[in-house]
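**Student:** Here it is: the structure, laid out below.
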Amino acid sequence: MHFQQINRTDPDKVFSVIYNSDATAMTVGEVVAWDYTTDADGVSVVTPTTALLPAVAGIVADSSIAASAYGRIQIYGHCSNALVVGTTDVAAGDQLAASNGAKTLAKATVTGISAASDTALTPFVAGQAYTTTASAAKKVFVRCM
């Protein structure tokens, strides 16, 4: 794990080094899940699928990660460029969840994950309101630790 150095003007963030098990590159802001389908080594990540939605690892952080290469994901803190998509209005504070077969986040109730009124928490919270049908970079709070 990499902890961001103390800086009064930047929010706290935590990162993890991962290995891209997908056949394609992962770009900044994409959501990834631990690869417990094939590798199960605690380092490899892939695009979230139905079986791996509960195993979300974090958001690709600094730069794109080529297929079969190592890189960093953000696992905690404010992220200003998480890829989101939604066909309903999303308000700041709404819970977000990984989308099946995509590397984006969507409003948790849309994906069938527990709503904010339930006791279960999703690893992502919208940091700003938005409505978008295409992938867009938005502010999100990440808690995948």
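As shown in the structure tokens, the chain order sets the letters A, B, ...; within each chain, residues go from 1, and ligands are also counted from 1 in the order they appear.
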List the neighbours of Ala126 (chain A) out to 7 Å using only C-alpha atoms; skip same-chain residues closer than 6 positions along the sequence, and give me the result as number ranges by chain.
**Tutor:** A: 91-96, 139-141
**Student:** Among chain A, which ones does DSSP place in alpha helix (DSSP H), written as a list in words?
**Tutor:** Ala108, Thr109, Val110 and Thr111 of chain A
**Student:** Only N, CA and C atoms, please: the residues just picked out, written as a PDB file, in the first residue's frame.
**Tutor:**
ATOM      1  N   ALA A 108     -26.294   2.751  -6.746  1.00  0.00           N
ATOM      2  CA  ALA A 108     -26.396   1.410  -6.175  1.00  0.00           C
ATOM      3  C   ALA A 108     -27.771   0.792  -6.353  1.00  0.00           C
ATOM      4  N   THR A 109     -28.827   1.545  -6.231  1.00  0.00           N
ATOM      5  CA  THR A 109     -30.167   0.975  -6.373  1.00  0.00           C
ATOM      6  C   THR A 109     -30.431   0.538  -7.809  1.00  0.00           C
ATOM      7  N   VAL A 110     -29.763   1.130  -8.768  1.00  0.00           N
ATOM      8  CA  VAL A 110     -29.931   0.768 -10.172  1.00  0.00           C
ATOM      9  C   VAL A 110     -29.316  -0.597 -10.444  1.00  0.00           C
ATOM     10  N   THR A 111     -28.203  -0.925  -9.756  1.00  0.00           N
ATOM     11  CA  THR A 111     -27.510  -2.181  -9.996  1.00  0.00           C
ATOM     12  C   THR A 111     -27.986  -3.303  -9.090  1.00  0.00           C
TER      13      THR A 111
END
**Student:** If we count only C-alpha atoms and set the cut-off at 10 Å, which residues sit around region 36-41 of chain A, ignoring sequence neighbours fewer than 2 positions away in its own chain? Please answer as JSON, numbers by chain.
**Tutor:** {"A": [19, 21, 33, 34, 43, 44, 45, 46, 49, 51, 52, 55]}
**Student:** Could the residues in this selection be written to a file with all heavy atoms, as a short mmCIF file (atom, residue, chain, number, x, y, z; two decimals), in the first residue's frame?
**Tutor:**
data_model
loop_
_atom_site.label_atom_id
_atom_site.label_comp_id
_atom_site.auth_asym_id
_atom_site.auth_seq_id
_atom_site.Cartn_x
_atom_site.Cartn_y
_atom_site.Cartn_z
N TYR A 19 -1.93 -6.07 -10.51
CA TYR A 19 -1.54 -6.63 -11.79
C TYR A 19 -2.79 -6.73 -12.67
O TYR A 19 -3.81 -7.28 -12.23
CB TYR A 19 -0.93 -8.02 -11.60
CG TYR A 19 -0.54 -8.71 -12.88
CD1 TYR A 19 0.64 -8.37 -13.54
CD2 TYR A 19 -1.35 -9.69 -13.43
CE1 TYR A 19 1.00 -9.00 -14.72
CE2 TYR A 19 -0.99 -10.33 -14.61
CZ TYR A 19 0.19 -9.97 -15.25
OH TYR A 19 0.54 -10.60 -16.43
N SER A 21 -4.94 -8.42 -15.09
CA SER A 21 -5.14 -9.75 -15.68
C SER A 21 -6.00 -9.71 -16.94
O SER A 21 -6.16 -10.72 -17.61
CB SER A 21 -5.82 -10.69 -14.68
OG SER A 21 -4.92 -11.05 -13.68
N ALA A 33 -11.98 -5.18 -10.19
CA ALA A 33 -12.30 -6.14 -9.13
C ALA A 33 -11.16 -7.14 -9.00
O ALA A 33 -10.44 -7.41 -9.97
CB ALA A 33 -13.60 -6.88 -9.46
N TRP A 34 -11.00 -7.70 -7.81
CA TRP A 34 -9.99 -8.73 -7.59
C TRP A 34 -10.32 -9.94 -8.46
O TRP A 34 -11.48 -10.34 -8.54
CB TRP A 34 -9.92 -9.13 -6.12
CG TRP A 34 -9.46 -8.02 -5.24
CD1 TRP A 34 -10.18 -7.37 -4.29
CD2 TRP A 34 -8.16 -7.43 -5.22
NE1 TRP A 34 -9.43 -6.41 -3.71
CE2 TRP A 34 -8.18 -6.41 -4.25
CE3 TRP A 34 -6.99 -7.63 -5.94
CZ2 TRP A 34 -7.07 -5.61 -3.97
CZ3 TRP A 34 -5.89 -6.84 -5.67
CH2 TRP A 34 -5.93 -5.85 -4.69
N VAL A 43 -3.36 -10.06 -6.06
CA VAL A 43 -2.67 -8.98 -6.76
C VAL A 43 -3.36 -8.67 -8.09
O VAL A 43 -3.42 -7.53 -8.51
CB VAL A 43 -1.18 -9.35 -7.03
CG1 VAL A 43 -0.47 -8.25 -7.79
CG2 VAL A 43 -0.47 -9.62 -5.72
N SER A 44 -3.91 -9.69 -8.73
CA SER A 44 -4.51 -9.54 -10.06
C SER A 44 -5.92 -8.96 -9.98
O SER A 44 -6.71 -9.33 -9.12
CB SER A 44 -4.56 -10.89 -10.76
OG SER A 44 -3.26 -11.42 -10.90
N VAL A 45 -6.21 -8.05 -10.94
CA VAL A 45 -7.54 -7.46 -11.04
C VAL A 45 -8.06 -7.58 -12.46
O VAL A 45 -7.28 -7.73 -13.40
CB VAL A 45 -7.56 -5.98 -10.60
CG1 VAL A 45 -7.19 -5.83 -9.13
CG2 VAL A 45 -6.65 -5.14 -11.48
N VAL A 46 -9.39 -7.52 -12.59
CA VAL A 46 -10.08 -7.64 -13.89
C VAL A 46 -11.29 -6.71 -13.90
O VAL A 46 -11.63 -6.10 -12.88
CB VAL A 46 -10.54 -9.08 -14.16
CG1 VAL A 46 -9.37 -10.03 -14.35
CG2 VAL A 46 -11.44 -9.58 -13.05
N THR A 49 -17.39 -8.51 -12.92
CA THR A 49 -18.43 -9.35 -13.49
C THR A 49 -19.40 -9.72 -12.37
O THR A 49 -19.13 -9.42 -11.20
CB THR A 49 -17.85 -10.65 -14.09
OG1 THR A 49 -17.17 -11.35 -13.04
CG2 THR A 49 -16.88 -10.35 -15.23
N ALA A 51 -20.02 -12.38 -10.70
CA ALA A 51 -19.41 -13.11 -9.59
C ALA A 51 -18.44 -12.25 -8.79
O ALA A 51 -18.22 -12.51 -7.60
CB ALA A 51 -18.69 -14.35 -10.12
N LEU A 52 -17.87 -11.24 -9.41
CA LEU A 52 -16.83 -10.44 -8.75
C LEU A 52 -17.31 -9.07 -8.27
O LEU A 52 -16.52 -8.31 -7.72
CB LEU A 52 -15.64 -10.26 -9.70
CG LEU A 52 -14.95 -11.57 -10.10
CD1 LEU A 52 -13.85 -11.29 -11.11
CD2 LEU A 52 -14.39 -12.29 -8.89
N ALA A 55 -16.27 -8.18 -4.93
CA ALA A 55 -14.81 -8.14 -4.75
C ALA A 55 -14.18 -6.94 -5.44
O ALA A 55 -13.07 -7.01 -5.95
CB ALA A 55 -14.20 -9.43 -5.29
#
**Student:** Write out as a compact mmCIF listing (two decimals) with N, CA, C and O atoms, in the first residue's frame the set of residues from region 7-136 of chain A that DSSP, computed on the backbone, places in strand (DSSP E).
**Tutor:**
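The resulting file, states.txt, is reproduced below:
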# COMPACT_ATOMS: atom_id res chain seq x y z
N LYS A 13 -5.40 9.90 0.75
CA LYS A 13 -5.63 8.86 -0.25
C LYS A 13 -4.72 7.68 0.05
O LYS A 13 -3.61 7.85 0.52
N VAL A 14 -5.20 6.46 -0.28
CA VAL A 14 -4.39 5.25 -0.14
C VAL A 14 -4.46 4.50 -1.46
O VAL A 14 -5.52 4.42 -2.09
N PHE A 15 -3.32 3.96 -1.88
CA PHE A 15 -3.20 3.26 -3.16
C PHE A 15 -2.67 1.85 -2.94
O PHE A 15 -2.03 1.58 -1.93
N SER A 16 -2.91 0.97 -3.92
CA SER A 16 -2.39 -0.39 -3.87
C SER A 16 -1.81 -0.73 -5.23
O SER A 16 -2.33 -0.30 -6.26
N VAL A 17 -0.75 -1.53 -5.24
CA VAL A 17 -0.15 -2.00 -6.49
C VAL A 17 -0.87 -3.26 -6.92
O VAL A 17 -1.08 -4.16 -6.10
N ILE A 18 -1.26 -3.31 -8.19
CA ILE A 18 -2.02 -4.45 -8.71
C ILE A 18 -1.43 -4.93 -10.04
O ILE A 18 -0.57 -4.27 -10.63
N TYR A 19 -1.93 -6.07 -10.51
CA TYR A 19 -1.54 -6.63 -11.79
C TYR A 19 -2.79 -6.73 -12.67
O TYR A 19 -3.81 -7.28 -12.23
N ASN A 20 -2.74 -6.21 -13.88
CA ASN A 20 -3.87 -6.24 -14.80
C ASN A 20 -3.96 -7.61 -15.47
O ASN A 20 -3.17 -7.92 -16.35
N VAL A 31 -13.13 1.24 -12.74
CA VAL A 31 -13.31 0.40 -11.56
C VAL A 31 -12.84 -1.01 -11.89
O VAL A 31 -13.13 -1.52 -12.97
N VAL A 32 -12.12 -1.63 -10.96
CA VAL A 32 -11.62 -2.99 -11.17
C VAL A 32 -11.98 -3.86 -9.97
O VAL A 32 -12.25 -3.36 -8.88
N ALA A 33 -11.98 -5.18 -10.19
CA ALA A 33 -12.30 -6.14 -9.13
C ALA A 33 -11.16 -7.14 -9.00
O ALA A 33 -10.44 -7.41 -9.97
N TRP A 34 -11.00 -7.70 -7.81
CA TRP A 34 -9.99 -8.73 -7.59
C TRP A 34 -10.32 -9.94 -8.46
O TRP A 34 -11.48 -10.34 -8.54
N SER A 44 -3.91 -9.69 -8.73
CA SER A 44 -4.51 -9.54 -10.06
C SER A 44 -5.92 -8.96 -9.98
O SER A 44 -6.71 -9.33 -9.12
N VAL A 45 -6.21 -8.05 -10.94
CA VAL A 45 -7.54 -7.46 -11.04
C VAL A 45 -8.06 -7.58 -12.46
O VAL A 45 -7.28 -7.73 -13.40
N VAL A 46 -9.39 -7.52 -12.59
CA VAL A 46 -10.08 -7.64 -13.89
C VAL A 46 -11.29 -6.71 -13.90
O VAL A 46 -11.63 -6.10 -12.88
N VAL A 56 -14.88 -5.81 -5.44
CA VAL A 56 -14.34 -4.60 -6.06
C VAL A 56 -13.05 -4.20 -5.35
O VAL A 56 -12.98 -4.20 -4.12
N ALA A 57 -12.01 -3.89 -6.14
CA ALA A 57 -10.69 -3.59 -5.57
C ALA A 57 -10.44 -2.09 -5.43
O ALA A 57 -9.81 -1.65 -4.49
N GLY A 58 -10.89 -1.30 -6.40
CA GLY A 58 -10.65 0.14 -6.36
C GLY A 58 -10.75 0.75 -7.74
O GLY A 58 -11.35 0.17 -8.65
N ILE A 59 -10.13 1.92 -7.89
CA ILE A 59 -10.20 2.70 -9.13
C ILE A 59 -8.80 2.93 -9.65
O ILE A 59 -7.90 3.32 -8.89
N VAL A 60 -8.59 2.68 -10.95
CA VAL A 60 -7.28 2.90 -11.57
C VAL A 60 -6.87 4.34 -11.31
O VAL A 60 -7.62 5.28 -11.61
N TYR A 70 1.79 -4.15 -14.27
CA TYR A 70 1.50 -3.68 -12.93
C TYR A 70 1.16 -2.19 -12.96
O TYR A 70 1.62 -1.46 -13.83
N GLY A 71 0.37 -1.76 -11.99
CA GLY A 71 0.01 -0.35 -11.87
C GLY A 71 -0.58 -0.09 -10.50
O GLY A 71 -0.53 -0.94 -9.62
N ARG A 72 -1.16 1.12 -10.33
CA ARG A 72 -1.72 1.49 -9.03
C ARG A 72 -3.22 1.76 -9.15
O ARG A 72 -3.68 2.34 -10.12
N ILE A 73 -3.93 1.35 -8.10
CA ILE A 73 -5.33 1.68 -7.97
C ILE A 73 -5.52 2.45 -6.67
O ILE A 73 -4.74 2.29 -5.73
N GLN A 74 -6.53 3.30 -6.63
CA GLN A 74 -6.86 4.01 -5.40
C GLN A 74 -7.86 3.17 -4.63
O GLN A 74 -8.87 2.72 -5.18
N ILE A 75 -7.56 2.95 -3.35
CA ILE A 75 -8.43 2.10 -2.54
C ILE A 75 -9.11 2.86 -1.40
O ILE A 75 -9.99 2.31 -0.73
N TYR A 76 -8.74 4.13 -1.19
CA TYR A 76 -9.39 4.92 -0.14
C TYR A 76 -9.22 6.40 -0.45
O TYR A 76 -8.17 6.83 -0.93
N GLY A 77 -10.25 7.18 -0.16
CA GLY A 77 -10.18 8.62 -0.21
C GLY A 77 -10.93 9.24 -1.38
O GLY A 77 -11.58 8.56 -2.17
N HIS A 78 -10.81 10.56 -1.48
CA HIS A 78 -11.48 11.33 -2.52
C HIS A 78 -10.83 11.07 -3.87
O HIS A 78 -9.63 11.20 -4.02
N CYS A 79 -11.64 10.71 -4.86
CA CYS A 79 -11.16 10.49 -6.23
C CYS A 79 -11.94 11.44 -7.13
O CYS A 79 -13.17 11.41 -7.15
N SER A 80 -11.25 12.27 -7.88
CA SER A 80 -11.93 13.28 -8.70
C SER A 80 -12.20 12.82 -10.12
O SER A 80 -12.79 13.55 -10.90
N ASN A 81 -11.78 11.60 -10.47
CA ASN A 81 -11.94 11.17 -11.87
C ASN A 81 -12.45 9.73 -12.01
O ASN A 81 -12.05 9.02 -12.91
N ALA A 82 -13.36 9.31 -11.14
CA ALA A 82 -13.94 7.97 -11.25
C ALA A 82 -14.95 7.94 -12.39
O ALA A 82 -15.75 8.87 -12.55
N LEU A 83 -14.91 6.90 -13.20
CA LEU A 83 -15.85 6.79 -14.31
C LEU A 83 -17.20 6.31 -13.80
O LEU A 83 -17.31 5.26 -13.19
N VAL A 84 -18.23 7.13 -14.05
CA VAL A 84 -19.58 6.81 -13.62
C VAL A 84 -20.52 6.84 -14.82
O VAL A 84 -20.21 7.43 -15.85
N VAL A 85 -21.65 6.21 -14.66
CA VAL A 85 -22.71 6.25 -15.67
C VAL A 85 -24.02 6.09 -14.93
O VAL A 85 -24.07 5.46 -13.87
N GLY A 86 -25.08 6.69 -15.44
CA GLY A 86 -26.35 6.55 -14.77
C GLY A 86 -27.48 7.09 -15.60
O GLY A 86 -27.32 8.06 -16.32
N THR A 87 -28.60 6.44 -15.52
CA THR A 87 -29.76 6.92 -16.25
C THR A 87 -30.76 7.58 -15.32
O THR A 87 -31.80 8.04 -15.74
N THR A 88 -30.42 7.65 -14.05
CA THR A 88 -31.27 8.35 -13.08
C THR A 88 -30.43 9.42 -12.42
O THR A 88 -29.20 9.39 -12.46
N ASP A 89 -31.09 10.37 -11.81
CA ASP A 89 -30.37 11.43 -11.12
C ASP A 89 -29.60 10.86 -9.95
O ASP A 89 -30.12 10.08 -9.17
N VAL A 90 -28.35 11.27 -9.83
CA VAL A 90 -27.51 10.86 -8.72
C VAL A 90 -27.20 12.11 -7.91
O VAL A 90 -26.78 13.12 -8.46
N GLN A 95 -25.03 6.16 -2.70
CA GLN A 95 -24.12 5.03 -2.79
C GLN A 95 -24.02 4.59 -4.25
O GLN A 95 -25.01 4.56 -4.97
N LEU A 96 -22.80 4.26 -4.66
CA LEU A 96 -22.53 3.79 -6.01
C LEU A 96 -21.98 2.38 -5.94
O LEU A 96 -21.38 1.99 -4.94
N ALA A 97 -22.16 1.63 -7.02
CA ALA A 97 -21.66 0.26 -7.08
C ALA A 97 -21.09 -0.01 -8.46
O ALA A 97 -21.44 0.67 -9.43
N ALA A 98 -20.22 -0.99 -8.54
CA ALA A 98 -19.63 -1.38 -9.82
C ALA A 98 -20.71 -1.93 -10.74
O ALA A 98 -21.66 -2.57 -10.29
N LEU A 105 -19.06 3.01 -12.47
CA LEU A 105 -19.92 2.98 -11.29
C LEU A 105 -21.30 3.48 -11.69
O LEU A 105 -21.43 4.30 -12.60
N ALA A 106 -22.32 2.99 -11.00
CA ALA A 106 -23.69 3.45 -11.20
C ALA A 106 -24.36 3.55 -9.84
O ALA A 106 -23.88 2.98 -8.86
N LYS A 107 -25.47 4.26 -9.78
CA LYS A 107 -26.21 4.39 -8.53
C LYS A 107 -26.54 2.99 -8.01
O LYS A 107 -27.00 2.13 -8.75
N PHE A 124 -18.39 2.85 -2.61
CA PHE A 124 -18.26 4.15 -3.28
C PHE A 124 -19.44 5.05 -2.93
O PHE A 124 -20.58 4.59 -2.84
N VAL A 125 -19.16 6.36 -2.79
CA VAL A 125 -20.19 7.35 -2.50
C VAL A 125 -20.01 8.51 -3.48
O VAL A 125 -18.89 9.00 -3.66
N ALA A 126 -21.10 8.94 -4.10
CA ALA A 126 -21.03 10.06 -5.05
C ALA A 126 -20.60 11.32 -4.32
O ALA A 126 -21.13 11.65 -3.27
N TYR A 130 -25.01 14.20 -10.49
CA TYR A 130 -24.84 14.08 -11.94
C TYR A 130 -25.97 13.26 -12.55
O TYR A 130 -26.64 12.50 -11.87
N THR A 131 -26.17 13.43 -13.83
CA THR A 131 -27.02 12.58 -14.65
C THR A 131 -26.30 12.42 -15.97
O THR A 131 -26.04 13.40 -16.65
N THR A 132 -25.90 11.22 -16.31
CA THR A 132 -25.19 10.99 -17.55
C THR A 132 -25.47 9.58 -18.04
O THR A 132 -25.51 8.65 -17.25
N THR A 133 -25.69 9.42 -19.34
CA THR A 133 -25.91 8.09 -19.89
C THR A 133 -24.61 7.53 -20.47
O THR A 133 -24.51 6.35 -20.74
N ALA A 134 -23.62 8.38 -20.66
CA ALA A 134 -22.31 7.94 -21.14
C ALA A 134 -21.31 8.01 -19.99
O ALA A 134 -21.51 8.76 -19.03
N SER A 135 -20.24 7.26 -20.07
CA SER A 135 -19.21 7.29 -19.03
C SER A 135 -18.64 8.70 -18.90
O SER A 135 -18.34 9.34 -19.90
N ALA A 136 -18.49 9.16 -17.68
CA ALA A 136 -17.93 10.49 -17.42
C ALA A 136 -17.16 10.45 -16.11
O ALA A 136 -17.49 9.70 -15.20
**Student:** At what distance in Å, to one decimal, does CA of Ala137 (chain A) lie from CA of Ile65 (chain A)?
**Tutor:**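 That distance, rounded to one decimal, is 17.4 Å.
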